[in-house]
Amino acid sequence: MSPEQLLAPTALPTLRAAVTGLPAYVPGRRSLGADIAALASNESHYEPLPAATAAVAEAAGRMNRYPDMAAVELRERIARHLGVTAEEVAVGPGSVGVLQQIITGLCDAGDEVVFAWRSFEAYPILVELAGAQPVRVPLDDAEGHDLDAMAAAVTGRTKVILICTPNNPTGVPISHGRLEAFLQSVRSDVLVVIDEAYVEYADAGSGPDSLALYRRYPNVCVLRTFSKAYGLAGLRAGYAITTAAIAEGLRRTALPFAVSALAQKAAVASLDAGEEMAARVSLVKQERSRMAAELEAQGWKLQPSQGNFLWIRADVPLLALLVDAFDAAGILVRAYQGDGVRITVADPASNDRVLRLLAAHAALAIS
């Protein structure tokens, strides 16, 4: 090759069109100081359970070794916890990591994934990254899943349906009866993923018995995480309960060693400390009820939330006013452009700051 050819402009590597066209996932903003209330990411405001911290400290001395790629101990512990077999459990780096394994494992280019909107922001990103087509079905007037419309959106190209209950960001659950009626209308070759990232915060009977539905409908997959109620958001561990054949496929599509040894040990220890975790959840639920009652008394219109957060629907002008007010008060919340604002329920002092701010702006709720 001549010097002239070496200096000539050449084409450079380019990203796939599916990647360049992806919307960026917008995480909750991070706290930059002790006086900032970090209420944007639905994290547990509690420190990790002591047993989890101890397990991580003990495992840290072996960080030079790869983790168990099959996560056998964790899968067996989850199986005992839920009354399934370890073969029916697949784990990943958070429930979103497992969901990526699900979509990668089931969807070819052009296949469709149906989900409610607005719901978890990662859904369309993961679908488009796999080359599949996201099918967004608007929420109903009560901020919940419009299951009739979702059933009508299913076509011959549909491979996966995502059901988020309680729904993120609105907090609205789906009753057992409604979800079972929906499952009866769905083809058996469509995987229905029941995403229960916030299930520990839900009141008994408010949502579906997902494991009972899984046992009756083999095309159901239950998706859960240790990031929220168990307080392990920084370690990334989630799991799916599904048929042994699908679970094996999810393990094949997983990034090798994606769930660290520290995360595996912490998750096992957290399950063993279930009573302590439940006590913490109970306190969050009490605060959720207290906040909701006071905000409704102020005039804010809320749907009953079953997550560790509250949702205020707001159009663009109101949303901008609220976000500016929260920012000025040192409170980080999660704004969804054109839809509303999600506020994580945290410790009483932080929650009181939210209540005082919204009381000062209560006229906006009524106007």
# chains A, B, ... in the order shown; residues from 1 in each chain; ligands from 1
$ residues_around --residues "range 167-174 of chain A" --least-positions-apart "2" --cutoff "8 Å" --atoms "only C-alpha atoms" --output "ChimeraX atom specification"
/A:118-120,143-145,164-165,176,178-179,206-208,303-307,309-311,342
$ residues_around --residues "range 279-288 of chain A" --least-positions-apart "5" --cutoff "7 Å" --atoms "only C-alpha atoms" --output "PDB file with all heavy atoms, in the first residue's frame"
ATOM      1  N   TYR A 201     -43.148  -5.006  48.990  1.00  0.00           N
ATOM      2  CA  TYR A 201     -43.812  -3.837  49.557  1.00  0.00           C
ATOM      3  C   TYR A 201     -45.326  -3.878  49.391  1.00  0.00           C
ATOM      4  O   TYR A 201     -46.030  -3.017  49.922  1.00  0.00           O
ATOM      5  CB  TYR A 201     -43.286  -2.554  48.910  1.00  0.00           C
ATOM      6  CG  TYR A 201     -41.840  -2.268  49.217  1.00  0.00           C
ATOM      7  CD1 TYR A 201     -40.845  -2.453  48.258  1.00  0.00           C
ATOM      8  CD2 TYR A 201     -41.457  -1.803  50.472  1.00  0.00           C
ATOM      9  CE1 TYR A 201     -39.516  -2.180  48.536  1.00  0.00           C
ATOM     10  CE2 TYR A 201     -40.125  -1.525  50.759  1.00  0.00           C
ATOM     11  CZ  TYR A 201     -39.156  -1.722  49.791  1.00  0.00           C
ATOM     12  OH  TYR A 201     -37.839  -1.450  50.069  1.00  0.00           O
ATOM     13  N   ALA A 229     -36.287  -4.205  48.305  1.00  0.00           N
ATOM     14  CA  ALA A 229     -36.571  -4.451  49.721  1.00  0.00           C
ATOM     15  C   ALA A 229     -35.379  -5.058  50.450  1.00  0.00           C
ATOM     16  O   ALA A 229     -35.161  -4.788  51.629  1.00  0.00           O
ATOM     17  CB  ALA A 229     -37.787  -5.374  49.853  1.00  0.00           C
ATOM     18  N   ASN A 308     -42.512   1.044  47.012  1.00  0.00           N
ATOM     19  CA  ASN A 308     -41.908   1.905  48.037  1.00  0.00           C
ATOM     20  C   ASN A 308     -41.766   3.327  47.495  1.00  0.00           C
ATOM     21  O   ASN A 308     -40.763   4.009  47.708  1.00  0.00           O
ATOM     22  CB  ASN A 308     -40.541   1.364  48.480  1.00  0.00           C
ATOM     23  CG  ASN A 308     -39.504   1.416  47.378  1.00  0.00           C
ATOM     24  OD1 ASN A 308     -39.830   1.333  46.193  1.00  0.00           O
ATOM     25  ND2 ASN A 308     -38.239   1.537  47.757  1.00  0.00           N
ATOM     26  N   VAL A 345     -40.325   6.509  48.984  1.00  0.00           N
ATOM     27  CA  VAL A 345     -40.624   6.606  50.415  1.00  0.00           C
ATOM     28  C   VAL A 345     -39.369   6.211  51.186  1.00  0.00           C
ATOM     29  O   VAL A 345     -38.821   5.119  50.965  1.00  0.00           O
ATOM     30  CB  VAL A 345     -41.803   5.697  50.800  1.00  0.00           C
ATOM     31  CG1 VAL A 345     -42.051   5.726  52.301  1.00  0.00           C
ATOM     32  CG2 VAL A 345     -43.062   6.117  50.038  1.00  0.00           C
ATOM     33  N   ALA A 346     -38.926   7.075  52.082  1.00  0.00           N
ATOM     34  CA  ALA A 346     -37.669   6.820  52.795  1.00  0.00           C
ATOM     35  C   ALA A 346     -37.891   6.947  54.297  1.00  0.00           C
ATOM     36  O   ALA A 346     -38.907   6.504  54.830  1.00  0.00           O
ATOM     37  CB  ALA A 346     -36.591   7.783  52.298  1.00  0.00           C
ATOM     38  N   PRO A 348     -38.613   8.852  57.952  1.00  0.00           N
ATOM     39  CA  PRO A 348     -39.625   9.863  58.278  1.00  0.00           C
ATOM     40  C   PRO A 348     -39.159  11.299  58.076  1.00  0.00           C
ATOM     41  O   PRO A 348     -39.934  12.144  57.614  1.00  0.00           O
ATOM     42  CB  PRO A 348     -39.944   9.567  59.749  1.00  0.00           C
ATOM     43  CG  PRO A 348     -39.684   8.103  59.904  1.00  0.00           C
ATOM     44  CD  PRO A 348     -38.492   7.835  59.022  1.00  0.00           C
TER      45      PRO A 348
END
$ atom_distance --atom1 "CA of Pro67 in chain A" --atom2 "CA of Ala51 in chain A"
19.4 Å
$ atom_distance --atom1 "CA of Val91 in chain A" --atom2 "CA of Ala40 in chain A"
25.7 Å
$ closest_residue --among "A:Leu319, A:Leu183, A:Val259, A:Met291" --to "Val72 in chain A" --atoms "only C-alpha atoms"
A:Val259
$ closest_residue --among "A:Ala55, A:Ala116, A:Ile102, A:Gln298" --to "Thr253 in chain A" --atoms "only C-alpha atoms"
A:Ile102
$ closest_atom_pairs --of "range 233-330 of chain A" --to "range 82-87 of chain A" --cutoff "12 Å" --atoms "only C-alpha atoms" --output "tab-separated table"
residue	atom	partner	partner_atom	distance
A:Tyr239	CA	A:Ala86	CA	11.3
A:Ala240	CA	A:Ala86	CA	10.8
A:Ile241	CA	A:Val84	CA	8.1
A:Thr242	CA	A:Glu87	CA	8.8
A:Thr243	CA	A:Glu87	CA	7.9
A:Ala244	CA	A:Glu87	CA	5.2
A:Ala245	CA	A:Glu87	CA	8.4
A:Ile246	CA	A:Glu87	CA	9.6
A:Ala247	CA	A:Glu87	CA	6.9
A:Glu248	CA	A:Glu87	CA	7.5
A:Gly249	CA	A:Glu87	CA	11.1
A:Leu250	CA	A:Glu87	CA	11.2
A:Arg251	CA	A:Glu87	CA	10.4
A:Leu271	CA	A:Leu82	CA	10.7
$ closest_residue --among "A:Val56, A:Ala297, A:Ile312, A:Ala37" --to "Leu235 in chain A" --atoms "only C-alpha atoms"
A:Val56
$ select_by_dssp --residues "range 175-337 of chain A" --states "strand (DSSP E)" --output "list in words"
Leu191, Val192, Val193, Ile194, Asp195, Val220, Cys221, Val222, Leu223, Arg224, Thr225, Gly238, Tyr239, Ala240, Ile241, Phe309, Leu310, Trp311, Ile312, Arg313, Ile331, Leu332, Arg334, Ala335 and Tyr336 of chain A
$ closest_residue --among "A:Leu211, A:Leu295, A:Leu49, A:Leu232" --to "Glu275 in chain A" --atoms "only C-alpha atoms"
A:Leu49
$ atom_distance --atom1 "CA of Leu126 in chain A" --atom2 "CA of Gly94 in chain A"
13.8 Å
$ closest_atom_pairs --of "range 239-309 of chain A" --to "range 68-71 of chain A" --cutoff "8 Å" --atoms "only C-alpha atoms" --output "CSV"
residue,atom,partner,partner_atom,distance
A:Arg251,CA,A:Ala70,CA,7.7
A:Pro256,CA,A:Met69,CA,6.4
A:Phe257,CA,A:Met69,CA,4.9
A:Ala258,CA,A:Met69,CA,7.7
A:Val259,CA,A:Met69,CA,7.7
A:Ala261,CA,A:Asp68,CA,6.9
A:Gln264,CA,A:Ala71,CA,7.0
$ select_by_dssp --residues "range 28-252 of chain A" --states "helix (DSSP H, G or I)" --output "JSON list (two decimals) with C-alpha atoms, in the first residue's frame"
[["chain", "number", "residue", "atom", "x", "y", "z"],
["A", 50, "PRO", "CA", -26.14, -7.00, 59.00],
["A", 51, "ALA", "CA", -26.04, -10.62, 57.84],
["A", 52, "ALA", "CA", -25.50, -9.49, 54.26],
["A", 53, "THR", "CA", -22.70, -7.12, 55.27],
["A", 54, "ALA", "CA", -21.01, -9.90, 57.23],
["A", 55, "ALA", "CA", -21.32, -12.31, 54.29],
["A", 56, "VAL", "CA", -19.75, -9.78, 51.92],
["A", 57, "ALA", "CA", -16.90, -9.08, 54.32],
["A", 58, "GLU", "CA", -16.18, -12.79, 54.66],
["A", 59, "ALA", "CA", -16.32, -13.36, 50.89],
["A", 60, "ALA", "CA", -14.18, -10.32, 50.07],
["A", 72, "VAL", "CA", -25.83, -23.12, 42.68],
["A", 73, "GLU", "CA", -26.03, -22.09, 46.34],
["A", 74, "LEU", "CA", -28.11, -19.01, 45.56],
["A", 75, "ARG", "CA", -30.44, -20.85, 43.21],
["A", 76, "GLU", "CA", -30.99, -23.61, 45.76],
["A", 77, "ARG", "CA", -31.72, -21.03, 48.48],
["A", 78, "ILE", "CA", -34.21, -19.18, 46.26],
["A", 79, "ALA", "CA", -35.83, -22.50, 45.38],
["A", 80, "ARG", "CA", -36.33, -23.35, 49.05],
["A", 81, "HIS", "CA", -37.67, -19.87, 49.72],
["A", 82, "LEU", "CA", -40.33, -20.12, 47.02],
["A", 86, "ALA", "CA", -33.23, -25.02, 41.53],
["A", 87, "GLU", "CA", -33.67, -26.04, 37.89],
["A", 88, "GLU", "CA", -36.53, -23.53, 37.65],
["A", 94, "GLY", "CA", -30.44, -7.57, 38.91],
["A", 95, "SER", "CA", -33.86, -8.40, 37.50],
["A", 96, "VAL", "CA", -33.07, -6.15, 34.54],
["A", 97, "GLY", "CA", -30.09, -8.37, 33.74],
["A", 98, "VAL", "CA", -32.32, -11.45, 33.81],
["A", 99, "LEU", "CA", -34.85, -9.65, 31.64],
["A", 100, "GLN", "CA", -32.17, -9.00, 29.06],
["A", 101, "GLN", "CA", -31.42, -12.72, 29.10],
["A", 102, "ILE", "CA", -35.13, -13.43, 28.57],
["A", 103, "ILE", "CA", -35.48, -11.12, 25.58],
["A", 104, "THR", "CA", -32.20, -12.28, 24.08],
["A", 105, "GLY", "CA", -33.19, -15.90, 24.53],
["A", 106, "LEU", "CA", -36.69, -15.65, 23.08],
["A", 122, "ALA", "CA", -35.62, -0.29, 30.55],
["A", 123, "TYR", "CA", -38.30, -2.31, 28.73],
["A", 124, "PRO", "CA", -38.15, -0.58, 25.32],
["A", 125, "ILE", "CA", -34.37, -0.25, 25.51],
["A", 126, "LEU", "CA", -33.80, -3.98, 26.03],
["A", 127, "VAL", "CA", -36.33, -4.88, 23.35],
["A", 128, "GLU", "CA", -34.84, -2.59, 20.71],
["A", 129, "LEU", "CA", -31.30, -3.68, 21.58],
["A", 147, "LEU", "CA", -55.12, -5.82, 30.10],
["A", 148, "ASP", "CA", -57.89, -5.89, 27.49],
["A", 149, "ALA", "CA", -55.92, -3.53, 25.27],
["A", 150, "MET", "CA", -52.75, -5.54, 25.88],
["A", 151, "ALA", "CA", -54.51, -8.75, 24.85],
["A", 152, "ALA", "CA", -55.74, -7.02, 21.70],
["A", 153, "ALA", "CA", -52.17, -5.90, 20.91],
["A", 176, "HIS", "CA", -55.01, -12.03, 40.78],
["A", 177, "GLY", "CA", -58.36, -12.50, 39.08],
["A", 178, "ARG", "CA", -57.70, -9.92, 36.36],
["A", 179, "LEU", "CA", -54.28, -11.33, 35.59],
["A", 180, "GLU", "CA", -55.55, -14.91, 35.45],
["A", 181, "ALA", "CA", -58.32, -13.90, 33.05],
["A", 182, "PHE", "CA", -55.67, -12.23, 30.91],
["A", 183, "LEU", "CA", -53.47, -15.34, 30.93],
["A", 184, "GLN", "CA", -56.41, -17.43, 29.75],
["A", 185, "SER", "CA", -56.63, -15.22, 26.66],
["A", 199, "VAL", "CA", -43.60, -7.29, 45.46],
["A", 200, "GLU", "CA", -42.26, -7.27, 49.03],
["A", 201, "TYR", "CA", -43.81, -3.84, 49.56],
["A", 210, "SER", "CA", -47.65, -15.11, 40.76],
["A", 211, "LEU", "CA", -46.23, -18.45, 41.81],
["A", 212, "ALA", "CA", -49.70, -20.02, 41.76],
["A", 213, "LEU", "CA", -50.20, -18.62, 38.26],
["A", 214, "TYR", "CA", -46.81, -19.99, 37.21],
["A", 215, "ARG", "CA", -47.76, -23.45, 38.42],
["A", 216, "ARG", "CA", -51.01, -23.31, 36.45],
["A", 244, "ALA", "CA", -36.58, -25.74, 33.64],
["A", 245, "ALA", "CA", -36.15, -25.56, 29.86],
["A", 246, "ILE", "CA", -36.49, -21.77, 29.74],
["A", 247, "ALA", "CA", -34.30, -21.34, 32.84],
["A", 248, "GLU", "CA", -31.56, -23.39, 31.21],
["A", 249, "GLY", "CA", -31.81, -21.18, 28.14],
["A", 250, "LEU", "CA", -31.50, -18.07, 30.29],
["A", 251, "ARG", "CA", -28.34, -19.45, 31.87],
["A", 252, "ARG", "CA", -26.96, -20.02, 28.36]]
$ closest_residue --among "A:Leu139, A:Ala263, A:Phe115, A:Pro166" --to "Val154 in chain A" --atoms "only C-alpha atoms"
A:Phe115
$ residues_around --residues "Leu191 in chain A" --least-positions-apart "4" --cutoff "6 Å" --atoms "only C-alpha atoms" --output "ChimeraX atom specification"
/A:160,219-220
$ closest_residue --among "A:Leu255, A:Ala197, A:Ile36, A:Ala269" --to "Phe326 in chain A" --atoms "only C-alpha atoms"
A:Ile36
